[in-house]
file my_file_18.pdb (PDB, C-alpha atoms)
ATOM      1  CA  MET A  28      85.009  64.544  51.398
ATOM      2  CA  PHE A  29      81.413  63.473  51.771
ATOM      3  CA  ASP A  30      79.191  66.538  52.016
ATOM      4  CA  LEU A  31      75.848  65.687  53.628
ATOM      5  CA  ASP A  32      74.888  69.254  54.620
ATOM      6  CA  MET A  33      72.280  70.133  51.998
ATOM      7  CA  SER A  34      71.046  73.314  53.671
ATOM      8  CA  PRO A  35      69.097  75.314  52.672
ATOM      9  CA  TYR A  36      67.816  72.731  50.149
ATOM     10  CA  ALA A  37      67.748  69.613  52.345
ATOM     11  CA  ALA A  38      63.923  69.462  52.121
ATOM     12  CA  PHE A  39      64.252  68.926  48.347
ATOM     13  CA  VAL A  40      67.504  66.970  47.944
ATOM     14  CA  TRP A  41      66.907  64.226  50.542
ATOM     15  CA  PRO A  42      63.321  63.415  49.486
ATOM     16  CA  ALA A  43      64.513  63.162  45.843
ATOM     17  CA  TRP A  44      67.225  60.666  46.813
ATOM     18  CA  GLY A  45      64.981  58.941  49.362
ATOM     19  CA  ILE A  46      62.143  58.253  46.941
ATOM     20  CA  SER A  47      64.665  57.055  44.347
ATOM     21  CA  VAL A  48      66.083  54.518  46.829
ATOM     22  CA  VAL A  49      62.591  53.370  47.918
ATOM     23  CA  VAL A  50      61.120  53.007  44.395
ATOM     24  CA  LEU A  51      64.184  51.352  42.834
ATOM     25  CA  GLY A  52      64.523  49.112  45.897
ATOM     26  CA  ALA A  53      60.885  48.052  45.523
ATOM     27  CA  VAL A  54      61.378  47.296  41.804
ATOM     28  CA  VAL A  55      64.442  45.143  42.574
ATOM     29  CA  VAL A  56      62.769  43.303  45.486
ATOM     30  CA  ARG A  57      59.666  42.609  43.383
ATOM     31  CA  ALA A  58      61.722  41.262  40.448
ATOM     32  CA  VAL A  59      63.826  38.984  42.674
ATOM     33  CA  ALA A  60      60.835  37.784  44.736
ATOM     34  CA  ALA A  61      58.806  36.953  41.619
ATOM     35  CA  SER A  62      61.774  35.113  40.139
ATOM     36  CA  ARG A  63      62.201  32.989  43.287
ATOM     37  CA  LYS A  64      58.460  32.307  43.545
ATOM     38  CA  TRP A  65      58.057  30.998  39.979
ATOM     39  CA  LYS A  66      61.331  29.045  40.037
ATOM     40  CA  ALA A  67      60.178  27.303  43.243
ATOM     41  CA  GLU A  68      56.781  26.569  41.682
ATOM     42  CA  LEU A  69      58.415  25.116  38.539
ATOM     43  CA  LYS A  70      60.697  22.937  40.642
ATOM     44  CA  ARG A  71      57.733  21.723  42.719
ATOM     45  CA  LEU A  72      55.771  20.770  39.588
ATOM     46  CA  GLU A  73      58.745  19.140  37.860
ATOM     47  CA  ASP A  74      59.497  17.086  40.999
ATOM     48  CA  GLN A  75      56.017  15.584  40.938
ATOM     49  CA  PRO A  76      56.295  12.009  39.598
ATOM     50  CA  THR A  77      53.278  12.327  37.264
ATOM     51  CA  VAL A  78      54.769  15.186  35.280
ATOM     52  CA  GLU A  79      57.557  14.651  32.743
ATOM     53  CA  SER A  80      59.946  17.575  32.863
TER      54      SER A  80
ATOM     55  CA  MET B  12      71.357  37.790  17.998
ATOM     56  CA  PHE B  13      68.194  36.187  16.626
ATOM     57  CA  GLY B  14      69.355  32.877  18.080
ATOM     58  CA  LEU B  15      68.616  34.367  21.483
ATOM     59  CA  ALA B  16      64.956  34.623  20.480
ATOM     60  CA  ASN B  17      64.744  30.951  21.397
ATOM     61  CA  PRO B  18      63.597  30.938  25.066
ATOM     62  CA  GLN B  19      65.868  27.998  25.933
ATOM     63  CA  ARG B  20      68.936  29.691  24.439
ATOM     64  CA  PHE B  21      67.929  32.968  26.082
ATOM     65  CA  MET B  22      67.774  31.250  29.482
ATOM     66  CA  SER B  23      71.199  29.651  28.969
ATOM     67  CA  PHE B  24      72.767  32.896  27.742
ATOM     68  CA  THR B  25      71.376  35.121  30.498
ATOM     69  CA  ARG B  26      71.918  32.699  33.430
ATOM     70  CA  PRO B  27      75.551  33.821  34.016
ATOM     71  CA  LEU B  28      74.897  37.366  32.736
ATOM     72  CA  VAL B  29      72.229  38.395  35.263
ATOM     73  CA  PRO B  30      74.368  37.995  38.439
ATOM     74  CA  VAL B  31      77.161  39.959  36.749
ATOM     75  CA  LEU B  32      74.708  42.764  35.957
ATOM     76  CA  TRP B  33      73.513  42.870  39.586
ATOM     77  CA  VAL B  34      77.130  43.186  40.784
ATOM     78  CA  VAL B  35      77.974  45.842  38.159
ATOM     79  CA  ALA B  36      74.815  47.835  39.004
ATOM     80  CA  THR B  37      75.556  47.712  42.747
ATOM     81  CA  GLY B  38      79.189  48.725  42.236
ATOM     82  CA  LEU B  39      78.303  51.593  39.910
ATOM     83  CA  LEU B  40      75.572  52.791  42.290
ATOM     84  CA  LEU B  41      78.015  52.890  45.218
ATOM     85  CA  VAL B  42      80.612  54.792  43.173
ATOM     86  CA  GLY B  43      77.893  57.078  41.773
ATOM     87  CA  ILE B  44      76.571  57.912  45.260
ATOM     88  CA  TRP B  45      80.093  58.611  46.479
ATOM     89  CA  LEU B  46      80.817  60.899  43.493
ATOM     90  CA  SER B  47      77.411  62.605  43.870
ATOM     91  CA  PHE B  48      78.051  63.617  47.473
ATOM     92  CA  THR B  49      81.719  64.536  47.098
ATOM     93  CA  ALA B  50      81.082  66.890  44.151
ATOM     94  CA  PRO B  51      80.916  70.570  45.108
ATOM     95  CA  GLY B  52      77.630  72.463  45.133
ATOM     96  CA  ASP B  53      76.809  74.404  41.976
ATOM     97  CA  TYR B  54      77.567  78.130  42.119
ATOM     98  CA  GLN B  55      73.989  78.981  41.116
ATOM     99  CA  GLN B  56      71.895  75.982  42.176
ATOM    100  CA  GLY B  57      73.768  75.054  45.339
ATOM    101  CA  ASP B  58      73.135  71.513  46.585
ATOM    102  CA  THR B  59      70.002  71.079  44.449
ATOM    103  CA  VAL B  60      72.410  70.085  41.663
ATOM    104  CA  ARG B  61      72.604  66.708  43.435
ATOM    105  CA  ILE B  62      68.979  66.077  42.418
ATOM    106  CA  MET B  63      70.268  66.036  38.828
ATOM    107  CA  PHE B  64      72.218  62.827  39.596
ATOM    108  CA  VAL B  65      68.972  60.923  40.223
ATOM    109  CA  HIS B  66      66.623  62.929  37.974
ATOM    110  CA  VAL B  67      68.479  62.740  34.643
ATOM    111  CA  PRO B  68      69.260  58.983  34.832
ATOM    112  CA  ALA B  69      65.622  58.260  35.766
ATOM    113  CA  SER B  70      64.377  60.333  32.799
ATOM    114  CA  SER B  71      66.786  58.658  30.369
ATOM    115  CA  LEU B  72      65.905  55.156  31.558
ATOM    116  CA  GLY B  73      62.183  55.959  31.420
ATOM    117  CA  LEU B  74      62.641  56.682  27.703
ATOM    118  CA  MET B  75      64.988  53.752  27.051
ATOM    119  CA  ALA B  76      62.703  51.281  28.833
ATOM    120  CA  TYR B  77      59.795  52.459  26.682
ATOM    121  CA  SER B  78      61.950  52.017  23.563
ATOM    122  CA  ALA B  79      62.558  48.428  24.712
ATOM    123  CA  LEU B  80      58.825  47.978  25.353
ATOM    124  CA  GLY B  81      57.820  49.472  21.992
ATOM    125  CA  ILE B  82      60.383  47.585  19.884
ATOM    126  CA  SER B  83      59.556  44.318  21.680
ATOM    127  CA  SER B  84      55.858  45.008  21.067
ATOM    128  CA  PHE B  85      56.605  45.403  17.345
ATOM    129  CA  PHE B  86      58.323  41.995  17.212
ATOM    130  CA  ALA B  87      55.540  40.452  19.296
ATOM    131  CA  LEU B  88      52.885  41.811  16.927
ATOM    132  CA  VAL B  89      54.646  41.109  13.621
ATOM    133  CA  PHE B  90      56.393  37.802  14.401
ATOM    134  CA  ARG B  91      54.117  36.737  17.290
ATOM    135  CA  HIS B  92      57.196  35.702  19.185
ATOM    136  CA  PRO B  93      56.479  34.852  22.838
ATOM    137  CA  LEU B  94      59.913  36.052  23.987
ATOM    138  CA  ALA B  95      59.284  39.479  22.462
ATOM    139  CA  ASP B  96      55.989  39.680  24.340
ATOM    140  CA  ALA B  97      57.742  38.656  27.564
ATOM    141  CA  ALA B  98      60.387  41.342  26.944
ATOM    142  CA  ALA B  99      57.731  44.027  26.420
ATOM    143  CA  ARG B 100      55.836  42.996  29.538
ATOM    144  CA  ALA B 101      59.025  42.888  31.638
ATOM    145  CA  ALA B 102      60.035  46.427  30.594
ATOM    146  CA  ALA B 103      56.746  48.023  31.681
ATOM    147  CA  LEU B 104      57.081  48.111  35.471
ATOM    148  CA  PRO B 105      60.714  49.255  35.738
ATOM    149  CA  GLY B 106      60.038  51.785  32.967
ATOM    150  CA  ALA B 107      57.017  53.151  34.831
ATOM    151  CA  ALA B 108      59.098  53.349  38.023
ATOM    152  CA  PHE B 109      61.884  55.306  36.293
ATOM    153  CA  THR B 110      59.362  57.681  34.701
ATOM    154  CA  LEU B 111      57.579  58.221  38.028
ATOM    155  CA  LEU B 112      60.963  59.012  39.598
ATOM    156  CA  ALA B 113      61.721  61.459  36.782
ATOM    157  CA  LEU B 114      58.433  63.274  37.460
ATOM    158  CA  VAL B 115      58.789  63.355  41.254
ATOM    159  CA  THR B 116      62.484  64.267  41.402
ATOM    160  CA  GLY B 117      61.925  66.848  38.657
ATOM    161  CA  SER B 118      59.178  68.392  40.748
ATOM    162  CA  LEU B 119      61.445  68.434  43.807
ATOM    163  CA  TRP B 120      64.104  70.164  41.697
ATOM    164  CA  GLY B 121      61.640  72.543  40.070
ATOM    165  CA  GLN B 122      60.236  74.023  43.262
ATOM    166  CA  PRO B 123      63.486  75.604  44.551
ATOM    167  CA  MET B 124      64.801  76.490  41.054
ATOM    168  CA  TRP B 125      61.660  77.581  39.165
ATOM    169  CA  GLY B 126      59.440  78.423  42.131
ATOM    170  CA  THR B 127      56.818  75.859  41.134
ATOM    171  CA  TRP B 128      56.268  72.118  41.547
ATOM    172  CA  TRP B 129      54.668  71.710  38.146
ATOM    173  CA  VAL B 130      53.969  73.550  34.885
ATOM    174  CA  TRP B 131      52.087  72.241  31.878
ATOM    175  CA  ASP B 132      55.028  72.806  29.565
ATOM    176  CA  ALA B 133      55.771  70.445  26.674
ATOM    177  CA  ARG B 134      58.557  68.443  28.358
ATOM    178  CA  LEU B 135      56.779  67.834  31.655
ATOM    179  CA  THR B 136      53.459  67.088  29.978
ATOM    180  CA  SER B 137      54.975  64.667  27.446
ATOM    181  CA  VAL B 138      56.776  62.795  30.258
ATOM    182  CA  LEU B 139      53.472  62.590  32.151
ATOM    183  CA  VAL B 140      51.899  61.160  28.959
ATOM    184  CA  LEU B 141      54.763  58.630  28.811
ATOM    185  CA  PHE B 142      53.949  57.577  32.383
ATOM    186  CA  LEU B 143      50.269  57.226  31.461
ATOM    187  CA  PHE B 144      51.234  54.992  28.506
ATOM    188  CA  TYR B 145      53.095  52.721  30.917
ATOM    189  CA  ILE B 146      50.108  52.641  33.296
ATOM    190  CA  GLY B 147      47.732  52.024  30.377
ATOM    191  CA  TYR B 148      49.916  49.203  29.059
ATOM    192  CA  MET B 149      49.984  47.426  32.438
ATOM    193  CA  ALA B 150      46.276  48.059  33.086
ATOM    194  CA  LEU B 151      45.323  46.699  29.656
ATOM    195  CA  ARG B 152      47.360  43.533  30.178
ATOM    196  CA  SER B 153      45.728  42.805  33.505
ATOM    197  CA  ALA B 154      42.224  43.791  32.349
ATOM    198  CA  ILE B 155      41.929  41.038  29.699
ATOM    199  CA  ASP B 156      41.819  37.436  30.954
ATOM    200  CA  ASP B 157      42.841  35.810  27.661
ATOM    201  CA  GLU B 158      46.640  36.244  27.704
ATOM    202  CA  ALA B 159      47.020  36.124  23.909
ATOM    203  CA  ARG B 160      44.391  38.838  23.410
ATOM    204  CA  ALA B 161      45.841  40.895  26.260
ATOM    205  CA  ALA B 162      49.322  40.636  24.733
ATOM    206  CA  ARG B 163      48.054  41.739  21.301
ATOM    207  CA  ALA B 164      46.045  44.680  22.634
ATOM    208  CA  ALA B 165      48.906  45.801  24.883
ATOM    209  CA  ALA B 166      51.412  45.472  22.018
ATOM    210  CA  ILE B 167      49.279  47.812  19.863
ATOM    211  CA  LEU B 168      49.153  50.336  22.706
ATOM    212  CA  GLY B 169      52.895  49.900  23.235
ATOM    213  CA  LEU B 170      53.554  50.648  19.572
ATOM    214  CA  VAL B 171      51.298  53.727  19.580
ATOM    215  CA  GLY B 172      53.202  55.050  22.594
ATOM    216  CA  LEU B 173      56.452  55.061  20.588
ATOM    217  CA  ILE B 174      55.151  58.210  18.874
ATOM    218  CA  ASN B 175      55.550  60.019  22.190
ATOM    219  CA  LEU B 176      59.302  59.312  22.515
ATOM    220  CA  PRO B 177      60.566  61.878  19.948
ATOM    221  CA  ILE B 178      58.009  64.338  21.364
ATOM    222  CA  VAL B 179      59.574  63.932  24.832
ATOM    223  CA  LYS B 180      63.112  64.176  23.457
ATOM    224  CA  PHE B 181      62.608  67.192  21.188
ATOM    225  CA  SER B 182      59.875  68.988  23.154
ATOM    226  CA  VAL B 183      62.461  71.407  24.555
ATOM    227  CA  ASP B 184      63.537  72.306  21.001
ATOM    228  CA  TRP B 185      60.115  72.436  19.330
ATOM    229  CA  TRP B 186      58.364  74.547  21.978
ATOM    230  CA  ASN B 187      59.259  77.229  24.498
ATOM    231  CA  THR B 188      59.521  75.349  27.763
ATOM    232  CA  LEU B 189      60.418  76.179  31.341
ATOM    233  CA  HIS B 190      62.449  72.975  31.271
ATOM    234  CA  GLN B 191      66.018  73.552  30.112
ATOM    235  CA  PRO B 192      67.163  72.343  26.671
ATOM    236  CA  ALA B 193      69.221  69.160  26.249
ATOM    237  CA  SER B 194      72.524  69.400  28.102
ATOM    238  CA  LEU B 195      74.096  65.991  27.386
ATOM    239  CA  LEU B 196      73.107  64.813  23.889
ATOM    240  CA  ARG B 197      73.444  68.082  21.982
ATOM    241  CA  ALA B 198      75.417  69.528  19.103
ATOM    242  CA  GLY B 199      78.734  70.849  20.397
ATOM    243  CA  GLY B 200      78.981  68.346  23.253
ATOM    244  CA  ALA B 201      77.690  68.259  26.813
ATOM    245  CA  SER B 202      77.145  71.600  28.538
ATOM    246  CA  VAL B 203      77.402  70.077  32.020
ATOM    247  CA  ALA B 204      80.532  71.095  33.948
ATOM    248  CA  PRO B 205      83.124  68.256  34.086
ATOM    249  CA  VAL B 206      82.932  68.150  37.881
ATOM    250  CA  PHE B 207      79.241  67.155  37.617
ATOM    251  CA  LEU B 208      79.662  65.024  34.491
ATOM    252  CA  ALA B 209      81.520  62.190  36.283
ATOM    253  CA  PRO B 210      78.813  61.534  38.927
ATOM    254  CA  LEU B 211      76.046  62.048  36.351
ATOM    255  CA  LEU B 212      77.476  59.562  33.824
ATOM    256  CA  THR B 213      78.278  57.064  36.589
ATOM    257  CA  MET B 214      74.709  57.233  37.909
ATOM    258  CA  MET B 215      73.362  56.887  34.349
ATOM    259  CA  ALA B 216      75.505  53.772  33.851
ATOM    260  CA  ALA B 217      74.323  52.436  37.242
ATOM    261  CA  TYR B 218      70.650  52.985  36.373
ATOM    262  CA  GLY B 219      71.250  51.372  32.972
ATOM    263  CA  ALA B 220      72.847  48.279  34.530
ATOM    264  CA  LEU B 221      70.072  48.132  37.123
ATOM    265  CA  PHE B 222      67.406  48.278  34.423
ATOM    266  CA  LEU B 223      69.126  45.533  32.424
ATOM    267  CA  ALA B 224      69.404  43.343  35.537
ATOM    268  CA  VAL B 225      65.725  43.840  36.450
ATOM    269  CA  TRP B 226      64.581  43.473  32.841
ATOM    270  CA  LEU B 227      66.471  40.253  32.134
ATOM    271  CA  THR B 228      65.442  38.816  35.517
ATOM    272  CA  SER B 229      61.801  39.630  34.761
ATOM    273  CA  ILE B 230      61.963  38.145  31.227
ATOM    274  CA  ARG B 231      63.428  34.955  32.703
ATOM    275  CA  THR B 232      60.652  34.939  35.326
ATOM    276  CA  GLU B 233      58.019  35.345  32.611
ATOM    277  CA  ILE B 234      59.470  32.374  30.689
ATOM    278  CA  VAL B 235      59.393  30.265  33.873
ATOM    279  CA  ARG B 236      55.826  31.418  34.652
ATOM    280  CA  ARG B 237      54.659  30.328  31.185
ATOM    281  CA  ARG B 238      56.376  26.979  31.606
ATOM    282  CA  VAL B 239      54.539  26.549  34.928
ATOM    283  CA  GLN B 240      51.231  27.405  33.274
ATOM    284  CA  ALA B 241      51.896  24.921  30.461
ATOM    285  CA  ILE B 242      52.631  22.160  32.987
ATOM    286  CA  ARG B 243      49.503  23.037  34.983
ATOM    287  CA  ALA B 244      47.399  22.933  31.802
ATOM    288  CA  ARG B 245      48.872  19.530  30.866
ATOM    289  CA  MET B 246      48.203  18.208  34.370
ATOM    290  CA  ALA B 247      44.618  19.449  34.189
ATOM    291  CA  LEU B 248      44.147  17.575  30.900
ATOM    292  CA  GLU B 249      45.656  14.390  32.295
ATOM    293  CA  ALA B 250      43.528  14.527  35.446
TER     294      ALA B 250
END
call {"tool": "encode", "arguments": {"input": "my_file_18.pdb", "output": "structure tokens"}}
result
Amino acid sequence: MFDLDMSPYAAFVWPAWGISVVVLGAVVVRAVAASRKWKAELKRLEDQPTVES
Amino acid sequence: MFGLANPQRFMSFTRPLVPVLWVVATGLLLVGIWLSFTAPGDYQQGDTVRIMFVHVPASSLGLMAYSALGISSFFALVFRHPLADAAARAAALPGAAFTLLALVTGSLWGQPMWGTWWVWDARLTSVLVLFLFYIGYMALRSAIDDEARAARAAAILGLVGLINLPIVKFSVDWWNTLHQPASLLRAGGASVAPVFLAPLLTMMAAYGALFLAVWLTSIRTEIVRRRVQAIRARMALEA
């Protein structure tokens, strides 16, 4: 079964997992957000009639 | 393999691959978390053994990401291939994040087990140097306005940093360190108990898939960004 009682080391185990979730989450969000931003910008430029895609 | 060095072919090849990698990484992470918190506590370390399931994968991926950065830098320098430069650039941030996590989670593991947050032993110091190489690489790229010059300077730094990888790996063998010797990749097989090996290997696979997903996504983004810049430059000329 799931064991979430980390005592007496909870002050070390949870921060280690917590910072891992936060940092990896930030890396993923940044990669996906940058991808969406530049794809949208490319589409906007290619849709302009003066630019040949 | 070298056919993929063409940005167009790379985009076509990775378009269906990236979503699969995101799904695989998410699935492996969920299984890894479940295995990590259903494994028993270690008879000596208690529940701090669960820090190993995030610390060791982060350390391994910090090294692997730098290998990707260094090898890509070599191809960017020697063949001046733009995709290689994009690959090196895309590996820097996730690699720095994994290395930072290795340092922080290692410190959080070290305090209850060694009685100290930090020691200047060879393993910890060489991993800190690895992190500084990542920071230096990213700082150098953003410090030079001319992208071609920035790429060349950063590639040289990236190559120099490769020297540090065997130092990190073998530091525990070459010097007396507080950090334990290798317990996975060692002669005679892994010394980790089987009950901890399953969650550890699953988390390592999850981190690996996550890195690949982020890396490929970022390389694709870099290719798109360069295309945008080329179009903007052409529009500026036409105007």
call {"tool": "closest_residue", "arguments": {"input": "my_file_18.pdb", "among": "B:Ala247, B:Phe109, B:Ile178, B:Ala166", "to": "Leu135 of chain B", "atoms": "only C-alpha atoms"}}
result
B:Ile178
call {"tool": "interface_residues", "arguments": {"input": "my_file_18.pdb", "of": "chain A", "to": "chain B", "cutoff": "8 Å", "atoms": "all atoms listed in the file", "output": "number ranges by chain"}}
result
A: 28-31, 33-34, 36, 39-40, 42-44, 46-47, 50-51, 54-55, 58-59, 61-62, 65-66, 68-69, 72, 78
call {"tool": "atom_distance", "arguments": {"input": "my_file_18.pdb", "atom1": "atom CA of Pro18 of chain B", "atom2": "atom CA of Pro30 of chain B"}}
result
18.6 Å
call {"tool": "resolve_selection", "arguments": {"input": "my_file_18.pdb", "expression": "the PyMOL selection byres ((chain B and resi 183-191) around 7)", "output": "list in words"}}
result
Asp132, Ala133, Arg134, Phe181, Ser182, Pro192 and Ala193 of chain B
call {"tool": "residues_around", "arguments": {"input": "my_file_18.pdb", "residues": "Val31 of chain B", "least_positions_apart": "5", "cutoff": "10 Å", "atoms": "only C-alpha atoms", "output": "PyMOL selection string"}}
result
chain B and resi 25-26+36-37+220+224
call {"tool": "axis_aligned_box", "arguments": {"input": "my_file_18.pdb", "around": "segment 45-56 of chain A", "padding_each_side": "3 Å", "output": "JSON"}}
result
{"center_x": 63.5, "center_y": 51.1, "center_z": 45.6, "size_x": 11.2, "size_y": 21.6, "size_z": 13.6}
call {"tool": "residues_around", "arguments": {"input": "my_file_18.pdb", "residues": "Val171 of chain B", "least_positions_apart": "3", "cutoff": "10 Å", "atoms": "only C-alpha atoms", "output": "mmCIF file with C-alpha atoms, in the coordinates of the input"}}
result
data_model
loop_
_atom_site.group_PDB
_atom_site.id
_atom_site.type_symbol
_atom_site.label_atom_id
_atom_site.label_comp_id
_atom_site.auth_asym_id
_atom_site.auth_seq_id
_atom_site.Cartn_x
_atom_site.Cartn_y
_atom_site.Cartn_z
ATOM 1 C CA GLY B 81 57.820 49.472 21.992
ATOM 2 C CA SER B 84 55.858 45.008 21.067
ATOM 3 C CA PHE B 144 51.234 54.992 28.506
ATOM 4 C CA ALA B 165 48.906 45.801 24.883
ATOM 5 C CA ALA B 166 51.412 45.472 22.018
ATOM 6 C CA ILE B 167 49.279 47.812 19.863
ATOM 7 C CA LEU B 168 49.153 50.336 22.706
ATOM 8 C CA ILE B 174 55.151 58.210 18.874
ATOM 9 C CA ASN B 175 55.550 60.019 22.190
#
call {"tool": "build_atoms", "arguments": {"input": "my_file_18.pdb", "residues": "segment 28-52 of chain A", "atoms": "N, CA and C atoms", "output": "PDB file, keeping the file's coordinate frame"}}
result
ATOM      1  N   MET A  28      85.687  65.284  50.326  1.00  0.00           N
ATOM      2  CA  MET A  28      85.009  64.544  51.398  1.00  0.00           C
ATOM      3  C   MET A  28      83.497  64.526  51.170  1.00  0.00           C
ATOM      4  N   PHE A  29      82.873  63.585  51.843  1.00  0.00           N
ATOM      5  CA  PHE A  29      81.413  63.473  51.771  1.00  0.00           C
ATOM      6  C   PHE A  29      80.772  64.740  52.323  1.00  0.00           C
ATOM      7  N   ASP A  30      79.894  65.336  51.546  1.00  0.00           N
ATOM      8  CA  ASP A  30      79.191  66.538  52.016  1.00  0.00           C
ATOM      9  C   ASP A  30      77.711  66.200  52.159  1.00  0.00           C
ATOM     10  N   LEU A  31      77.251  66.063  53.395  1.00  0.00           N
ATOM     11  CA  LEU A  31      75.848  65.687  53.628  1.00  0.00           C
ATOM     12  C   LEU A  31      75.010  66.877  54.099  1.00  0.00           C
ATOM     13  N   ASP A  32      75.635  68.062  54.203  1.00  0.00           N
ATOM     14  CA  ASP A  32      74.888  69.254  54.620  1.00  0.00           C
ATOM     15  C   ASP A  32      74.259  69.889  53.382  1.00  0.00           C
ATOM     16  N   MET A  33      72.964  69.665  53.203  1.00  0.00           N
ATOM     17  CA  MET A  33      72.280  70.133  51.998  1.00  0.00           C
ATOM     18  C   MET A  33      71.570  71.469  52.214  1.00  0.00           C
ATOM     19  N   SER A  34      71.781  72.086  53.372  1.00  0.00           N
ATOM     20  CA  SER A  34      71.046  73.314  53.671  1.00  0.00           C
ATOM     21  C   SER A  34      71.427  74.403  52.665  1.00  0.00           C
ATOM     22  N   PRO A  35      70.495  75.219  52.219  1.00  0.00           N
ATOM     23  CA  PRO A  35      69.097  75.314  52.672  1.00  0.00           C
ATOM     24  C   PRO A  35      68.131  74.469  51.821  1.00  0.00           C
ATOM     25  N   TYR A  36      68.681  73.480  51.070  1.00  0.00           N
ATOM     26  CA  TYR A  36      67.816  72.731  50.149  1.00  0.00           C
ATOM     27  C   TYR A  36      67.581  71.285  50.580  1.00  0.00           C
ATOM     28  N   ALA A  37      67.870  70.994  51.862  1.00  0.00           N
ATOM     29  CA  ALA A  37      67.748  69.613  52.345  1.00  0.00           C
ATOM     30  C   ALA A  37      66.331  69.060  52.131  1.00  0.00           C
ATOM     31  N   ALA A  38      65.324  69.915  52.259  1.00  0.00           N
ATOM     32  CA  ALA A  38      63.923  69.462  52.121  1.00  0.00           C
ATOM     33  C   ALA A  38      63.597  69.019  50.697  1.00  0.00           C
ATOM     34  N   PHE A  39      64.473  69.342  49.736  1.00  0.00           N
ATOM     35  CA  PHE A  39      64.252  68.926  48.347  1.00  0.00           C
ATOM     36  C   PHE A  39      65.219  67.810  47.936  1.00  0.00           C
ATOM     37  N   VAL A  40      66.478  67.936  48.377  1.00  0.00           N
ATOM     38  CA  VAL A  40      67.504  66.970  47.944  1.00  0.00           C
ATOM     39  C   VAL A  40      67.258  65.597  48.562  1.00  0.00           C
ATOM     40  N   TRP A  41      67.050  65.540  49.888  1.00  0.00           N
ATOM     41  CA  TRP A  41      66.907  64.226  50.542  1.00  0.00           C
ATOM     42  C   TRP A  41      65.637  63.483  50.114  1.00  0.00           C
ATOM     43  N   PRO A  42      64.491  64.151  50.001  1.00  0.00           N
ATOM     44  CA  PRO A  42      63.321  63.415  49.486  1.00  0.00           C
ATOM     45  C   PRO A  42      63.542  62.867  48.067  1.00  0.00           C
ATOM     46  N   ALA A  43      64.257  63.630  47.217  1.00  0.00           N
ATOM     47  CA  ALA A  43      64.513  63.162  45.843  1.00  0.00           C
ATOM     48  C   ALA A  43      65.348  61.881  45.878  1.00  0.00           C
ATOM     49  N   TRP A  44      66.388  61.872  46.698  1.00  0.00           N
ATOM     50  CA  TRP A  44      67.225  60.666  46.813  1.00  0.00           C
ATOM     51  C   TRP A  44      66.470  59.560  47.539  1.00  0.00           C
ATOM     52  N   GLY A  45      65.718  59.938  48.572  1.00  0.00           N
ATOM     53  CA  GLY A  45      64.981  58.941  49.362  1.00  0.00           C
ATOM     54  C   GLY A  45      63.970  58.201  48.524  1.00  0.00           C
ATOM     55  N   ILE A  46      63.173  58.928  47.750  1.00  0.00           N
ATOM     56  CA  ILE A  46      62.143  58.253  46.941  1.00  0.00           C
ATOM     57  C   ILE A  46      62.796  57.409  45.841  1.00  0.00           C
ATOM     58  N   SER A  47      63.954  57.853  45.354  1.00  0.00           N
ATOM     59  CA  SER A  47      64.665  57.055  44.347  1.00  0.00           C
ATOM     60  C   SER A  47      65.096  55.720  44.943  1.00  0.00           C
ATOM     61  N   VAL A  48      65.641  55.761  46.159  1.00  0.00           N
ATOM     62  CA  VAL A  48      66.083  54.518  46.829  1.00  0.00           C
ATOM     63  C   VAL A  48      64.885  53.599  47.067  1.00  0.00           C
ATOM     64  N   VAL A  49      63.768  54.178  47.573  1.00  0.00           N
ATOM     65  CA  VAL A  49      62.591  53.370  47.918  1.00  0.00           C
ATOM     66  C   VAL A  49      61.989  52.725  46.659  1.00  0.00           C
ATOM     67  N   VAL A  50      61.782  53.533  45.605  1.00  0.00           N
ATOM     68  CA  VAL A  50      61.120  53.007  44.395  1.00  0.00           C
ATOM     69  C   VAL A  50      62.014  51.986  43.688  1.00  0.00           C
ATOM     70  N   LEU A  51      63.304  52.310  43.516  1.00  0.00           N
ATOM     71  CA  LEU A  51      64.184  51.352  42.834  1.00  0.00           C
ATOM     72  C   LEU A  51      64.368  50.090  43.680  1.00  0.00           C
ATOM     73  N   GLY A  52      64.430  50.273  45.004  1.00  0.00           N
ATOM     74  CA  GLY A  52      64.523  49.112  45.897  1.00  0.00           C
ATOM     75  C   GLY A  52      63.301  48.215  45.745  1.00  0.00           C
TER      76      GLY A  52
END
